[in-house]
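Visitor: The structure is given below, and queries will be raised subsequently.
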Amino acid sequence: MTALLESHGLQAFYGDAQALFGVDVSLAQGELVAIIGANGAGKSTLLKCLTGLVRAPREAVRFKGDPIGGLPPGEIVKRGLAMVPEGRRLFPSLSVEENLLIGGLAGRKGPWNLQRLYALFPILAEKRDNPGTALSGGQQQMVALGRALMSNPELLLCDELSLGLAPIVIREIYAAMPAITGEGMTVVIVEQDVTMAQRVSQRIYCLQEGRVSLTGRSDALSREQISQAYFGI
């Protein structure tokens, strides 16, 4: 089966500092894949390379068979990739609804619109006219997720969805995943909570110091295997 997205020998640099060393990943249509690893392992850098925020060699990243490495982020969004960034990155001068509508500017056709998002997260409908940054952390994360969905992506990349959120809010956000993946959307989550990552994903990639240290089906990997790959001990 042809992969939806692949990286081959992906390397990434911040100036002279190398952050990724030959990373190979492959994502199939409809999968939910988790990327785990300690702080500084290269998880966010990988997502930024896939979405054009960190420059990658053109042939090192392919989406639906086409090389997209190094393309401008706006062009990559139009092709069908969207990211929920770490820290949410909402526009403070815009309302909840205006933040959501920003995601629709890519002009892609698909099932996601304001009405469907408000059905998924009713609290956003109640607060649609509030400034996006005036919401709680969990509600802001729902806005960031909704903004990405409004671009109707084929591949949704979520960077640290649960970071800094209360457990009950984390459960609420992950409870929405079946509705998101139910129509064939591929989802990647970067997650430091290994237990949560195993529970919600079909496959896992573990990164350590910019390299893939372990990959496999989430239900087939033992905690010992993951701990060794995660910490290198």
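How things are named: the first chain in the structure tokens is A, the next is B, and so on; residues count from 1 in each chain; ligands count from 1 in the order shown.
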Excluding Glu160 (chain A) and its own-chain neighbours fewer than 5 positions away, which residues fall within 9 Å of it when counting only C-alpha atoms? Please give them as a PyMOL selection string.
Guide: chain A and resi 44+84-87+189-192
Visitor: Within 12 Å of Arg171 (chain A), counting only C-alpha atoms, which residues qualify if same-chain residues fewer than 2 places away don't, as a ChimeraX atom specification?
Guide: /A:138,161-162,165-169,173-177,196,199-200
Visitor: Which one is closest to Phe21 (chain A): A:Val54, A:Leu46, A:Ala34, A:Leu155? Count only C-alpha atoms.
Guide: A:Leu46
Visitor: Take CA of Gly110 (chain A) and CA of Gly80 (chain A) and report the distance between them in Å, one decimal.
Guide: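 So the answer is 10.6 Å.
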Visitor: Hey, what's within 10 Å of Phe63 (chain A) if we count only C-alpha atoms and toss same-chain stuff fewer than 5 positions away? As a PDB file with N, CA, C and O atoms, in the first residue's frame, please?
Guide:
ATOM      1  N   ALA A   3       2.262   4.757   0.844  1.00  0.00           N
ATOM      2  CA  ALA A   3       2.202   5.582   2.046  1.00  0.00           C
ATOM      3  C   ALA A   3       1.612   6.939   1.698  1.00  0.00           C
ATOM      4  O   ALA A   3       1.814   7.481   0.605  1.00  0.00           O
ATOM      5  N   LEU A   4       0.870   7.501   2.655  1.00  0.00           N
ATOM      6  CA  LEU A   4       0.373   8.866   2.491  1.00  0.00           C
ATOM      7  C   LEU A   4       1.529   9.847   2.603  1.00  0.00           C
ATOM      8  O   LEU A   4       1.657  10.774   1.805  1.00  0.00           O
ATOM      9  N   LEU A   5       2.369   9.636   3.605  1.00  0.00           N
ATOM     10  CA  LEU A   5       3.547  10.492   3.806  1.00  0.00           C
ATOM     11  C   LEU A   5       4.737   9.631   4.184  1.00  0.00           C
ATOM     12  O   LEU A   5       4.598   8.667   4.950  1.00  0.00           O
ATOM     13  N   GLU A   6       5.891   9.987   3.659  1.00  0.00           N
ATOM     14  CA  GLU A   6       7.131   9.295   4.001  1.00  0.00           C
ATOM     15  C   GLU A   6       8.259  10.311   4.158  1.00  0.00           C
ATOM     16  O   GLU A   6       8.291  11.326   3.450  1.00  0.00           O
ATOM     17  N   SER A   7       9.151  10.020   5.080  1.00  0.00           N
ATOM     18  CA  SER A   7      10.431  10.735   5.114  1.00  0.00           C
ATOM     19  C   SER A   7      11.536   9.706   4.938  1.00  0.00           C
ATOM     20  O   SER A   7      11.424   8.572   5.412  1.00  0.00           O
ATOM     21  N   LEU A  27       3.636   6.868   6.963  1.00  0.00           N
ATOM     22  CA  LEU A  27       2.287   6.986   7.496  1.00  0.00           C
ATOM     23  C   LEU A  27       1.292   6.537   6.444  1.00  0.00           C
ATOM     24  O   LEU A  27       1.333   6.997   5.308  1.00  0.00           O
ATOM     25  N   LEU A  50       8.075  18.384   8.398  1.00  0.00           N
ATOM     26  CA  LEU A  50       6.985  17.881   7.559  1.00  0.00           C
ATOM     27  C   LEU A  50       6.070  18.998   7.093  1.00  0.00           C
ATOM     28  O   LEU A  50       5.437  18.892   6.033  1.00  0.00           O
ATOM     29  N   ILE A  68       7.878  17.199  -1.084  1.00  0.00           N
ATOM     30  CA  ILE A  68       7.398  18.475  -0.522  1.00  0.00           C
ATOM     31  C   ILE A  68       8.411  19.086   0.443  1.00  0.00           C
ATOM     32  O   ILE A  68       8.137  20.129   1.032  1.00  0.00           O
ATOM     33  N   GLY A  69       9.552  18.468   0.626  1.00  0.00           N
ATOM     34  CA  GLY A  69      10.546  19.014   1.551  1.00  0.00           C
ATOM     35  C   GLY A  69      10.930  20.430   1.157  1.00  0.00           C
ATOM     36  O   GLY A  69      11.229  20.700  -0.008  1.00  0.00           O
ATOM     37  N   ILE A  76       2.151  23.745   1.719  1.00  0.00           N
ATOM     38  CA  ILE A  76       1.964  22.413   2.300  1.00  0.00           C
ATOM     39  C   ILE A  76       0.568  22.270   2.888  1.00  0.00           C
ATOM     40  O   ILE A  76      -0.074  21.225   2.755  1.00  0.00           O
ATOM     41  N   ARG A  79      -1.882  21.512   0.246  1.00  0.00           N
ATOM     42  CA  ARG A  79      -1.782  20.140  -0.251  1.00  0.00           C
ATOM     43  C   ARG A  79      -2.480  19.138   0.675  1.00  0.00           C
ATOM     44  O   ARG A  79      -2.709  17.997   0.275  1.00  0.00           O
ATOM     45  N   GLY A  80      -2.757  19.554   1.933  1.00  0.00           N
ATOM     46  CA  GLY A  80      -3.509  18.660   2.799  1.00  0.00           C
ATOM     47  C   GLY A  80      -2.853  18.276   4.097  1.00  0.00           C
ATOM     48  O   GLY A  80      -3.276  17.302   4.730  1.00  0.00           O
ATOM     49  N   LEU A  81      -1.832  19.020   4.543  1.00  0.00           N
ATOM     50  CA  LEU A  81      -1.224  18.805   5.849  1.00  0.00           C
ATOM     51  C   LEU A  81      -1.547  19.991   6.746  1.00  0.00           C
ATOM     52  O   LEU A  81      -1.489  21.136   6.297  1.00  0.00           O
ATOM     53  N   LEU A 155      -3.835  14.899   6.476  1.00  0.00           N
ATOM     54  CA  LEU A 155      -2.906  14.520   7.535  1.00  0.00           C
ATOM     55  C   LEU A 155      -2.886  15.617   8.587  1.00  0.00           C
ATOM     56  O   LEU A 155      -2.583  16.771   8.278  1.00  0.00           O
TER      57      LEU A 155
END
Visitor: Please provide as a list of chain:residue names all residues within 10 Å of Gly74 (chain A), with the sequence filter that same-chain residues fewer than 3 positions apart are discarded (counting only C-alpha atoms).
Guide: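 Answer for this query is A:Thr51, A:Gly52, A:Leu53, A:Leu71, A:Val77, A:Lys78, A:Arg79, A:Leu81, A:Ala82, A:Leu105, A:Ala106.
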Visitor: How about saving the chosen residues, N, CA, C and O atoms kept, as a PDB file, in the first residue's frame?
Guide:
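The resulting file, selection.pdb, is shown below:
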ATOM      1  N   THR A  51       5.983  20.077   7.863  1.00  0.00           N
ATOM      2  CA  THR A  51       5.068  21.178   7.526  1.00  0.00           C
ATOM      3  C   THR A  51       5.780  22.412   6.986  1.00  0.00           C
ATOM      4  O   THR A  51       5.147  23.448   6.799  1.00  0.00           O
ATOM      5  N   GLY A  52       7.081  22.326   6.734  1.00  0.00           N
ATOM      6  CA  GLY A  52       7.794  23.419   6.097  1.00  0.00           C
ATOM      7  C   GLY A  52       8.293  24.499   7.022  1.00  0.00           C
ATOM      8  O   GLY A  52       8.859  25.497   6.568  1.00  0.00           O
ATOM      9  N   LEU A  53       8.101  24.337   8.342  1.00  0.00           N
ATOM     10  CA  LEU A  53       8.568  25.359   9.284  1.00  0.00           C
ATOM     11  C   LEU A  53      10.062  25.259   9.544  1.00  0.00           C
ATOM     12  O   LEU A  53      10.689  26.239   9.954  1.00  0.00           O
ATOM     13  N   LEU A  71       9.100  23.079   0.903  1.00  0.00           N
ATOM     14  CA  LEU A  71       8.068  23.947   0.348  1.00  0.00           C
ATOM     15  C   LEU A  71       7.587  24.933   1.414  1.00  0.00           C
ATOM     16  O   LEU A  71       7.658  24.646   2.607  1.00  0.00           O
ATOM     17  N   VAL A  77       0.058  23.322   3.525  1.00  0.00           N
ATOM     18  CA  VAL A  77      -1.318  23.284   4.048  1.00  0.00           C
ATOM     19  C   VAL A  77      -2.306  23.069   2.906  1.00  0.00           C
ATOM     20  O   VAL A  77      -3.246  22.268   3.011  1.00  0.00           O
ATOM     21  N   LYS A  78      -2.106  23.761   1.791  1.00  0.00           N
ATOM     22  CA  LYS A  78      -3.009  23.625   0.653  1.00  0.00           C
ATOM     23  C   LYS A  78      -2.987  22.222   0.072  1.00  0.00           C
ATOM     24  O   LYS A  78      -3.979  21.758  -0.507  1.00  0.00           O
ATOM     25  N   ARG A  79      -1.882  21.512   0.246  1.00  0.00           N
ATOM     26  CA  ARG A  79      -1.782  20.140  -0.251  1.00  0.00           C
ATOM     27  C   ARG A  79      -2.480  19.138   0.675  1.00  0.00           C
ATOM     28  O   ARG A  79      -2.709  17.997   0.275  1.00  0.00           O
ATOM     29  N   LEU A  81      -1.832  19.020   4.543  1.00  0.00           N
ATOM     30  CA  LEU A  81      -1.224  18.805   5.849  1.00  0.00           C
ATOM     31  C   LEU A  81      -1.547  19.991   6.746  1.00  0.00           C
ATOM     32  O   LEU A  81      -1.489  21.136   6.297  1.00  0.00           O
ATOM     33  N   ALA A  82      -1.866  19.722   7.998  1.00  0.00           N
ATOM     34  CA  ALA A  82      -2.108  20.797   8.961  1.00  0.00           C
ATOM     35  C   ALA A  82      -1.528  20.405  10.302  1.00  0.00           C
ATOM     36  O   ALA A  82      -1.482  19.217  10.638  1.00  0.00           O
ATOM     37  N   LEU A 105      -8.887  29.318   5.402  1.00  0.00           N
ATOM     38  CA  LEU A 105      -8.374  30.133   4.308  1.00  0.00           C
ATOM     39  C   LEU A 105      -7.618  29.319   3.265  1.00  0.00           C
ATOM     40  O   LEU A 105      -7.356  29.817   2.168  1.00  0.00           O
ATOM     41  N   ALA A 106      -7.260  28.071   3.610  1.00  0.00           N
ATOM     42  CA  ALA A 106      -6.582  27.227   2.624  1.00  0.00           C
ATOM     43  C   ALA A 106      -7.507  26.892   1.458  1.00  0.00           C
ATOM     44  O   ALA A 106      -7.038  26.541   0.369  1.00  0.00           O
TER      45      ALA A 106
END
Visitor: Choose the residue, out of A:Gly37, A:Gly137, A:Pro72, A:Gly9, that has the smallest atom-to-atom separation from Ala60 (chain A); count only C-alpha atoms.
Guide: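 Nearest to Ala60 (chain A): A:Gly9.
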Visitor: Quick one, how far is CA of Val23 (chain A) from CA of Gly210 (chain A)?
Guide: 7.5 Å
Visitor: Find, counting only C-alpha atoms, the residue in A:Asp66, A:Asp159, A:Glu126, A:Glu31 that gets nearest to Glu97 (chain A).
Guide: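 Looking only at the distances to Glu97 (chain A), the closest residue turns out to be A:Glu126.
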Visitor: Which residues come within 9 Å of Ala19 (chain A), counting only C-alpha atoms, excluding same-chain residues fewer than 5 positions away, as a ChimeraX atom specification?
Guide: /A:11-14,40-42,45-46,209-211
Visitor: Using the chain letters and numbers from this document, which residues of region 2-179 of chain A does DSSP assign to strand (DSSP E or B), as number ranges by chain?
Guide: A: 5-14, 17-27, 32-36, 61-63, 66-67, 81-84, 95, 131, 155-159
Visitor: What gap, in Å, lies between CA of Thr186 (chain A) and CA of Arg203 (chain A)?
Guide: 11.9 Å
Visitor: Could you tell me, as an NGL selection string, which residues of region 58-177 of chain A DSSP assigns to helix (DSSP H, G or I) when given the backbone?
Guide: :A and (58-60 or 73-79 or 96-106 or 114-120 or 122-126 or 132-134 or 137-149 or 167-175 or 177)
Visitor: Output C-alpha atoms of each residue in that selection to a file, as a compact mmCIF listing (two decimals), in the first residue's frame.
Guide:
# COMPACT_ATOMS: atom_id res chain seq x y z
CA ARG A 58 12.99 18.37 -1.20
CA GLU A 59 13.23 14.59 -1.73
CA ALA A 60 13.49 13.78 1.99
CA PRO A 73 4.20 26.15 4.90
CA GLY A 74 1.20 27.71 3.15
CA GLU A 75 1.71 25.51 0.11
CA ILE A 76 1.96 22.41 2.30
CA VAL A 77 -1.32 23.28 4.05
CA LYS A 78 -3.01 23.62 0.65
CA ARG A 79 -1.78 20.14 -0.25
CA VAL A 96 -12.64 32.13 18.94
CA GLU A 97 -14.65 32.04 15.72
CA GLU A 98 -12.20 34.26 13.87
CA ASN A 99 -9.32 32.00 14.94
CA LEU A 100 -11.25 29.02 13.59
CA LEU A 101 -12.03 30.75 10.31
CA ILE A 102 -8.32 31.39 9.74
CA GLY A 103 -7.95 27.64 9.25
CA GLY A 104 -10.42 27.69 6.38
CA LEU A 105 -8.37 30.13 4.31
CA ALA A 106 -6.58 27.23 2.62
CA LEU A 114 -17.90 25.75 11.92
CA GLN A 115 -21.10 23.83 12.53
CA ARG A 116 -19.36 20.50 12.77
CA LEU A 117 -16.66 21.88 15.05
CA TYR A 118 -19.25 23.40 17.36
CA ALA A 119 -21.01 20.04 17.51
CA LEU A 120 -17.70 18.38 18.44
CA PRO A 122 -19.99 22.76 22.17
CA ILE A 123 -18.10 25.03 24.59
CA LEU A 124 -16.54 26.80 21.58
CA ALA A 125 -19.98 27.68 20.26
CA GLU A 126 -20.81 29.25 23.62
CA GLY A 132 -9.30 33.15 21.77
CA THR A 133 -6.65 33.67 24.43
CA ALA A 134 -9.24 34.47 27.13
CA GLY A 137 -5.89 26.14 28.39
CA GLY A 138 -8.04 23.18 27.42
CA GLN A 139 -10.51 25.36 25.52
CA GLN A 140 -7.63 27.08 23.72
CA GLN A 141 -6.35 23.65 22.69
CA MET A 142 -9.78 22.87 21.25
CA VAL A 143 -9.60 26.10 19.24
CA ALA A 144 -6.12 25.21 17.95
CA LEU A 145 -7.32 21.73 17.00
CA GLY A 146 -10.43 23.16 15.36
CA ARG A 147 -8.41 25.72 13.41
CA ALA A 148 -6.31 22.91 11.92
CA LEU A 149 -9.40 20.84 11.09
CA PRO A 167 -6.34 15.04 33.09
CA ILE A 168 -10.08 15.51 32.63
CA VAL A 169 -9.45 17.96 29.77
CA ILE A 170 -6.93 15.61 28.17
CA ARG A 171 -9.52 12.82 28.20
CA GLU A 172 -12.08 15.13 26.61
CA ILE A 173 -9.75 16.11 23.80
CA TYR A 174 -8.67 12.54 23.07
CA ALA A 175 -12.30 11.44 23.20
CA MET A 177 -10.23 11.58 18.09
